[in-house]
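**Q** Pasting a structure here, questions to come.
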Amino acid sequence: MKMLDIISSGGGDGERNSPACNRHRKDCTPIQESNHSQAMGIFKPHKKLVQQRLTVEVLFENAFPASDPGTLEQLKELSSRRRAIESINQNSFVTDAVAREMSGGLTSRCEQNIQKVETYLPLLGHFIHHVNIVCENPKMVRWISDLKIRWSSAFTSSSFFHLNGPKLYQINNLHLELSMILSVLGGLLRNRALEVLSKGIFSTICLHSQKAAGVYQHLALDVLPCLQPALAPERPPEAVIGVSAATALVCLAEAQAVSVRKAEQKGNTGGLLAKLHYGVCEFLNEAIHTLHSATKQCKDISSFNGGWGCFTLIRGQGYNPCYGENSVGSAATLMGPATPNSN
């Protein structure tokens with residue numbers, strides 16, 4: 001069963017428009033002009049990769065009764081595939097050679113983890129489909145609760161009160177389990193983009209950033225809206241629509257930032273680079289507005305942690321803001337101070 005088609009969206013070679021950013025914001029914060037307001041630059045990722053979520057063991061065969069051996073085997077397979085995801089953030093004693101063999105030749109641990117998630121997703125989707133068919137069964141709520149699904153969040157800060165580890169949220173909804181798994185996939189795709197950044201394979205970096213944006217967009221538009229009425233007051237930030245929408249915009253900003261570097265290596269200067277930088281800043285500005293709205297729905301959201309790592313401006317060149325299309329580069333000053341071109 002094919003769970004979903006992840007559609008790459010936006011972030012490519014200067015294209016600003018995308019489904020994840022479905023409107024051009026008219027209420028963006030005004031930006032002050034400066035002598036070097038049309039800053040150009042190079043982007044690099046934070047050294048820390050995107051933080052992943054922690055979860056506990058779930059045994060489907062212990063919570064759901066199986067009427068026949070075939071059903072029992074399917075439930076055990078579901079538990080086995082999820083166990084592979086549970087191991088993502090645990091210390092692994094599997095050697096690189098064994099991990100490569102188990103994954104069919106994949107050498108990157110990040111790619112191996114992506115494969116684990118993509119293997120579990122169709123099975124989970126198939127299971128949810130059959131649960132929905134018999135959802136009128138009064139015992140279904142208890143069976144789902146007996147799974148004792150718990151997740152931490154990548155968008156919460158450490159707390160003094162959680163001495164034994166990160167805060168874990170009780171998940172009594174299989175669709176919310178699906179949303180957490182998709183959030184894990186989105187984070188892994190972003191991490192894979194950062195992995196290959198040093199190799200300068202721009203097309204691969206953009207592809208993974210765009211796929212991540214597609215995953216978060218799918219969450220914000222298709223998965224989470226129907227969940228909102230059934231969610232408990234205390235929910236992980238990943239269950240808030242605005243968090244996924246903001247993360248999709250950050251992913252698109254990352255993809256476009258890579259396009260900036262690609263354009264610079266091709267020798268493009270002036271107006272084109274200014275427009276590309278302006279697009280990055282628009283994505284990030286809208287992400288900030290979206291996240292600000294989301295924080296009103298979930299008190300646990302923190303924007304200062306590993307879940308939000310993105311590209312930052314580290315070098316600048318000055319361009320005269322008085323000449324036509326070059327003036328669009330003024331928004332680049334949002335990302336950091338620009339320094340004059342020494343030439």
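Convention: chains lettered A, B, ... in structure tokens order; per-chain residue numbering from 1; ligands numbered from 1 as shown.
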Could you pull out the helix (DSSP H, G or I) residues of segment 163-316 of chain A from DSSP and send them as number ranges by chain?
**A** A: 174-195, 197-199, 202-223, 225-230, 237-239, 241-265, 271-295, 306-308
**Q** Which neighbours of Arg82 of chain A fall inside 8 Å, counting only C-alpha atoms, when residues of the same chain fewer than 3 positions from it are skipped, and could you give them as a list of chain:residue names?
**A** A:Val58, A:Leu78, A:Ser79, A:Ile85, A:Glu86, A:Tyr120
**Q** Would you kindly return, as a ChimeraX atom specification, each protein, DNA or RNA residue with an atom no farther than 7 Å from any atom of Ile171 of chain A, considering only C-alpha atoms and excluding same-chain residues fewer than 2 positions away?
**A** /A:149-150,169,173,176-177
**Q** Have a look at atom CA of Pro69 of chain A and atom CA of Ile181 of chain A and let me know their distance in Å, one decimal.
**A**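 We find that atom CA of Pro69 of chain A and atom CA of Ile181 of chain A lie 27.4 Å from each other.
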**Q** Would you give me, as a PyMOL selection string, the residues in segment 148-293 of chain A that DSSP reads as strand (DSSP E)?
**A** chain A and resi 149-151+169-171
**Q** With N, CA and C atoms retained, write the just-selected residues as a PDB file, in the first residue's frame.
**A**
ATOM      1  N   ILE A 149       1.374   4.485  23.514  1.00  0.00           N
ATOM      2  CA  ILE A 149       2.277   5.210  22.611  1.00  0.00           C
ATOM      3  C   ILE A 149       2.681   6.521  23.265  1.00  0.00           C
ATOM      4  N   ARG A 150       3.967   6.757  23.348  1.00  0.00           N
ATOM      5  CA  ARG A 150       4.476   8.005  23.907  1.00  0.00           C
ATOM      6  C   ARG A 150       5.615   8.536  23.046  1.00  0.00           C
ATOM      7  N   TRP A 151       5.603   9.837  22.870  1.00  0.00           N
ATOM      8  CA  TRP A 151       6.614  10.504  22.054  1.00  0.00           C
ATOM      9  C   TRP A 151       7.134  11.746  22.771  1.00  0.00           C
ATOM     10  N   TYR A 169       4.831  12.659  25.631  1.00  0.00           N
ATOM     11  CA  TYR A 169       3.392  12.907  25.474  1.00  0.00           C
ATOM     12  C   TYR A 169       2.685  11.589  25.197  1.00  0.00           C
ATOM     13  N   GLN A 170       1.586  11.361  25.924  1.00  0.00           N
ATOM     14  CA  GLN A 170       0.780  10.171  25.691  1.00  0.00           C
ATOM     15  C   GLN A 170      -0.020  10.355  24.400  1.00  0.00           C
ATOM     16  N   ILE A 171       0.058   9.377  23.503  1.00  0.00           N
ATOM     17  CA  ILE A 171      -0.619   9.440  22.207  1.00  0.00           C
ATOM     18  C   ILE A 171      -1.708   8.373  22.172  1.00  0.00           C
TER      19      ILE A 171
END
